[in-house]
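J.: I am attaching a structure below and will ask some questions about it afterwards.
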Amino acid sequence: MSQVLDRSLQTIVKGAGLVLIGTALSMVLLFVSRIILVRGLTETEYGLYSLAYVLFEIFLVVSAFGLQTGLARQIGFHRGKGDTERAADLVQSGLRLGAVIGVLCALALFLASDVLSSEVFHMPGLSRPVKVFALAVPFFVLVHILTSVFRGFDMAQPAVYFRDILRNVLFCLILGIVAALGLSLMAAVWAFVASVALALAAFVAYAVKRSPVSLSLRRKAVPTRPVMKDLLLFSLPLLAVILLQRIATWTDTLMIGGFMTPQDVGLYNAALPLTHLLPVFLDALAFLYLPLMSQLYARGQNEEIRRAYTVVTKWIFAVSLPVLLVFALFPEA
């Protein structure tokens, strides 16, 4: 095994370990927050919360525009070529695009909330939580963009610290305080928005000090318009791929919401997090695989890419198969 491949695999494994820890902690915190929500809200309120959250996620994925993957790949690719100026300009372009598209999609969700509530789902109580969830869209988009920036520089720690742990800790804390005072549907939604905004503020403060490149939007380097165009053209097909992947996770909740009652949505979503265990190992290993393989591709090291793909695929299969077998053979457990 070549030294380049060996170093790449070591970095992938270290990153995967951190991402697995972050994912495990986020799942525990998500479970705690769901317990608070289920205990504090009625079945109807929890169903409305779950449906509003799915609508928020749909607009969030669209507003991210595939940049959460495209930006990491492009940064890794240009780092592989040794073009650090281009990588720095990509960071500026990603932040600008994320902020603008996030605000536009938030506005679209806010304005569409009444139509979605009355004409699509026929649930009058859905409009208000959707409006409030819309406020979190640009905040969450920027969390994704900053995560992608550090991912492009082979750094998994910030994603774990801020996206996986801090945001969920803040949500649980705020939710717990609100629950002690008397939890309501709108209070739960506002708690979510506040947790995302606070996590973003902490992430920005960290990024300003620790980012490998300047995050100042006043930085003057390569003209950003061609860079933005290239980044968008690369990211748009990724948006389609991500949407198709996420549709599989949204369709069930949306179908239940469209043809059944909010109570049914709430009951279904109480058990849904268990299904998120299956792709955990794939997502963890893929986190740093993308930017590292992009660097190798930029250097023309295709044989190392082929061998790395073979090794990582075997790892994913080996650790995911037992989880699948447990789910398939012991569904009642």
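Scheme for the structure tokens: letters A, B, ... for chains in order shown; per-chain residue numbers from 1; ligand numbers from 1 in order shown.
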Just list the residues in segment 56-291 of chain A DSSP gives alpha helix (DSSP H) on the backbone, as a PyMOL selection string.
T.: chain A and resi 56-64+67-80+84-115+127-135+137-152+157-158+167-182+185-210+224-259+262-271+280-291
J.: Enumerate, in order of chain and increasing residue number, the residues of segment 131-217 of chain A with an atom no farther than 9 Å from segment 107-114 of chain A, each with its shortest atom pair and distance in Å to one decimal, counting only C-alpha atoms, as JSON lines.
T.:
```
{"residue": "A:Lys131", "atom": "CA", "partner": "A:Phe110", "partner_atom": "CA", "distance": 4.8}
{"residue": "A:Val132", "atom": "CA", "partner": "A:Phe110", "partner_atom": "CA", "distance": 7.8}
{"residue": "A:Phe133", "atom": "CA", "partner": "A:Phe110", "partner_atom": "CA", "distance": 8.4}
{"residue": "A:Ala134", "atom": "CA", "partner": "A:Phe110", "partner_atom": "CA", "distance": 5.7}
{"residue": "A:Leu135", "atom": "CA", "partner": "A:Phe110", "partner_atom": "CA", "distance": 8.1}
```
J.: Between A:Ala106, A:Leu116, A:Val208, A:Ala99, which one has atoms that come closest to Glu57 of chain A, using only C-alpha atoms?
T.: A:Ala106
J.: Fewer than 5 positions away in the same chain doesn't count, so skip those; otherwise give me all residues within 10 Å of segment 232-245 of chain A, counting only C-alpha atoms, as a list in words.
T.: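 Contacts, in chain order: Ile58, Val61, Val62, Ser63, Ala64, Phe65, Gly66, Leu67, Gln68, Thr69, Gly70, Leu71, Arg73, Gln74, Ser93, Gly94, Leu97, Pro226, Val227 and Trp250 of chain A.
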J.: Applying 10 Å and only C-alpha atoms, which residues near Phe203 of chain A remain after dropping the ones on its own chain fewer than 3 positions away? List them as a VMD selection string.
T.: chain A and resid 142 to 143 146 to 147 158 to 159 161 to 163 166 to 167 197 to 200 206 to 208
J.: Take the selection from the previous step and output its residues with N, CA and C atoms, as a compact mmCIF listing (two decimals), in the first residue's frame.
T.:
```
# COMPACT_ATOMS: atom_id res chain seq x y z
N LEU A 142 -26.19 28.04 6.69
CA LEU A 142 -24.83 28.50 6.98
C LEU A 142 -24.08 27.52 7.86
N VAL A 143 -24.78 26.81 8.74
CA VAL A 143 -24.14 25.74 9.50
C VAL A 143 -23.61 24.68 8.54
N LEU A 146 -20.50 26.11 6.56
CA LEU A 146 -19.28 26.12 7.37
C LEU A 146 -18.76 24.70 7.60
N THR A 147 -19.68 23.77 7.81
CA THR A 147 -19.28 22.36 7.94
C THR A 147 -18.58 21.89 6.68
N PRO A 158 -15.09 20.29 13.64
CA PRO A 158 -16.12 21.33 13.74
C PRO A 158 -17.54 20.81 13.48
N ALA A 159 -17.69 19.89 12.54
CA ALA A 159 -19.02 19.32 12.27
C ALA A 159 -19.55 18.62 13.51
N TYR A 161 -18.54 19.14 16.72
CA TYR A 161 -18.73 20.09 17.81
C TYR A 161 -20.03 20.88 17.68
N PHE A 162 -20.27 21.44 16.50
CA PHE A 162 -21.35 22.42 16.36
C PHE A 162 -22.61 21.85 15.71
N ARG A 163 -22.47 21.12 14.62
CA ARG A 163 -23.66 20.58 13.94
C ARG A 163 -24.29 19.44 14.73
N LEU A 166 -23.36 20.54 19.82
CA LEU A 166 -23.81 21.79 20.43
C LEU A 166 -25.26 22.12 20.09
N ARG A 167 -25.62 22.01 18.82
CA ARG A 167 -26.99 22.35 18.41
C ARG A 167 -28.01 21.49 19.15
N ALA A 197 -29.83 29.07 15.84
CA ALA A 197 -29.21 30.40 15.77
C ALA A 197 -28.01 30.50 16.71
N LEU A 198 -28.14 29.97 17.93
CA LEU A 198 -27.03 30.02 18.89
C LEU A 198 -25.86 29.15 18.44
N ALA A 199 -26.18 27.97 17.90
CA ALA A 199 -25.12 27.08 17.40
C ALA A 199 -24.36 27.74 16.25
N LEU A 200 -25.09 28.43 15.36
CA LEU A 200 -24.44 29.13 14.25
C LEU A 200 -23.53 30.24 14.77
N TYR A 206 -15.98 30.37 16.14
CA TYR A 206 -14.92 29.36 16.02
C TYR A 206 -14.24 29.44 14.65
N ALA A 207 -15.06 29.57 13.60
CA ALA A 207 -14.52 29.57 12.23
C ALA A 207 -13.63 30.78 11.97
N VAL A 208 -14.00 31.93 12.53
CA VAL A 208 -13.19 33.13 12.33
C VAL A 208 -11.78 32.93 12.88
```
J.: Of the residues A:Met186, A:Leu20, A:Leu175, A:Leu324, which is the one nearest to Arg39 of chain A, using only C-alpha atoms?
T.: A:Leu175
J.: For the contact check between segment 96-210 of chain A and segment 45-51 of chain A, emit one row per residue of segment 96-210 of chain A within 9 Å, containing the shortest atom pair and the distance in Å rounded to one decimal, counting only C-alpha atoms, chain then rising number order, as CSV.
T.:
```
residue,atom,partner,partner_atom,distance
A:Met123,CA,A:Leu48,CA,8.3
A:Gly125,CA,A:Leu48,CA,7.3
A:Leu126,CA,A:Leu48,CA,5.9
A:Pro129,CA,A:Tyr49,CA,7.0
A:Val130,CA,A:Tyr49,CA,8.6
A:Ser184,CA,A:Glu45,CA,8.1
A:Leu185,CA,A:Glu45,CA,5.9
A:Met186,CA,A:Tyr49,CA,8.7
A:Ala188,CA,A:Tyr49,CA,8.2
A:Val189,CA,A:Tyr49,CA,7.4
```
J.: Hey, can you spit out that residue selection with N, CA and C atoms as a PDB file, in the first residue's frame?
T.:
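Done, and the output landed in selection-v8.pdb:
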```
ATOM      1  N   MET A 123     -54.805  21.225   7.366  1.00  0.00           N
ATOM      2  CA  MET A 123     -54.562  21.285   8.814  1.00  0.00           C
ATOM      3  C   MET A 123     -54.332  22.748   9.182  1.00  0.00           C
ATOM      4  N   GLY A 125     -53.844  24.245  11.869  1.00  0.00           N
ATOM      5  CA  GLY A 125     -52.828  24.492  12.885  1.00  0.00           C
ATOM      6  C   GLY A 125     -51.403  24.350  12.396  1.00  0.00           C
ATOM      7  N   LEU A 126     -51.207  24.001  11.130  1.00  0.00           N
ATOM      8  CA  LEU A 126     -49.862  23.767  10.603  1.00  0.00           C
ATOM      9  C   LEU A 126     -49.153  25.052  10.203  1.00  0.00           C
ATOM     10  N   PRO A 129     -46.493  26.955  12.987  1.00  0.00           N
ATOM     11  CA  PRO A 129     -45.173  26.326  13.178  1.00  0.00           C
ATOM     12  C   PRO A 129     -44.302  26.349  11.926  1.00  0.00           C
ATOM     13  N   VAL A 130     -44.909  26.233  10.743  1.00  0.00           N
ATOM     14  CA  VAL A 130     -44.126  26.295   9.506  1.00  0.00           C
ATOM     15  C   VAL A 130     -43.494  27.676   9.346  1.00  0.00           C
ATOM     16  N   SER A 184     -45.560  24.036  24.881  1.00  0.00           N
ATOM     17  CA  SER A 184     -46.599  24.159  23.857  1.00  0.00           C
ATOM     18  C   SER A 184     -45.965  23.914  22.497  1.00  0.00           C
ATOM     19  N   LEU A 185     -46.791  23.749  21.476  1.00  0.00           N
ATOM     20  CA  LEU A 185     -46.281  23.500  20.130  1.00  0.00           C
ATOM     21  C   LEU A 185     -45.379  24.633  19.666  1.00  0.00           C
ATOM     22  N   MET A 186     -45.835  25.872  19.790  1.00  0.00           N
ATOM     23  CA  MET A 186     -45.054  27.002  19.299  1.00  0.00           C
ATOM     24  C   MET A 186     -43.780  27.211  20.120  1.00  0.00           C
ATOM     25  N   ALA A 188     -42.019  24.834  21.433  1.00  0.00           N
ATOM     26  CA  ALA A 188     -41.086  23.811  20.954  1.00  0.00           C
ATOM     27  C   ALA A 188     -40.422  24.251  19.651  1.00  0.00           C
ATOM     28  N   VAL A 189     -41.187  24.841  18.752  1.00  0.00           N
ATOM     29  CA  VAL A 189     -40.634  25.297  17.476  1.00  0.00           C
ATOM     30  C   VAL A 189     -39.651  26.448  17.700  1.00  0.00           C
TER      31      VAL A 189
END
```
J.: Choose the residue, out of A:Asp264, A:Glu304, A:Asp230, A:Asp164, that has the smallest atom-to-atom separation from Gly22 of chain A; count only C-alpha atoms.
T.: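 Nearest candidate to Gly22 of chain A out of A:Asp264, A:Glu304, A:Asp230, A:Asp164: A:Asp164.
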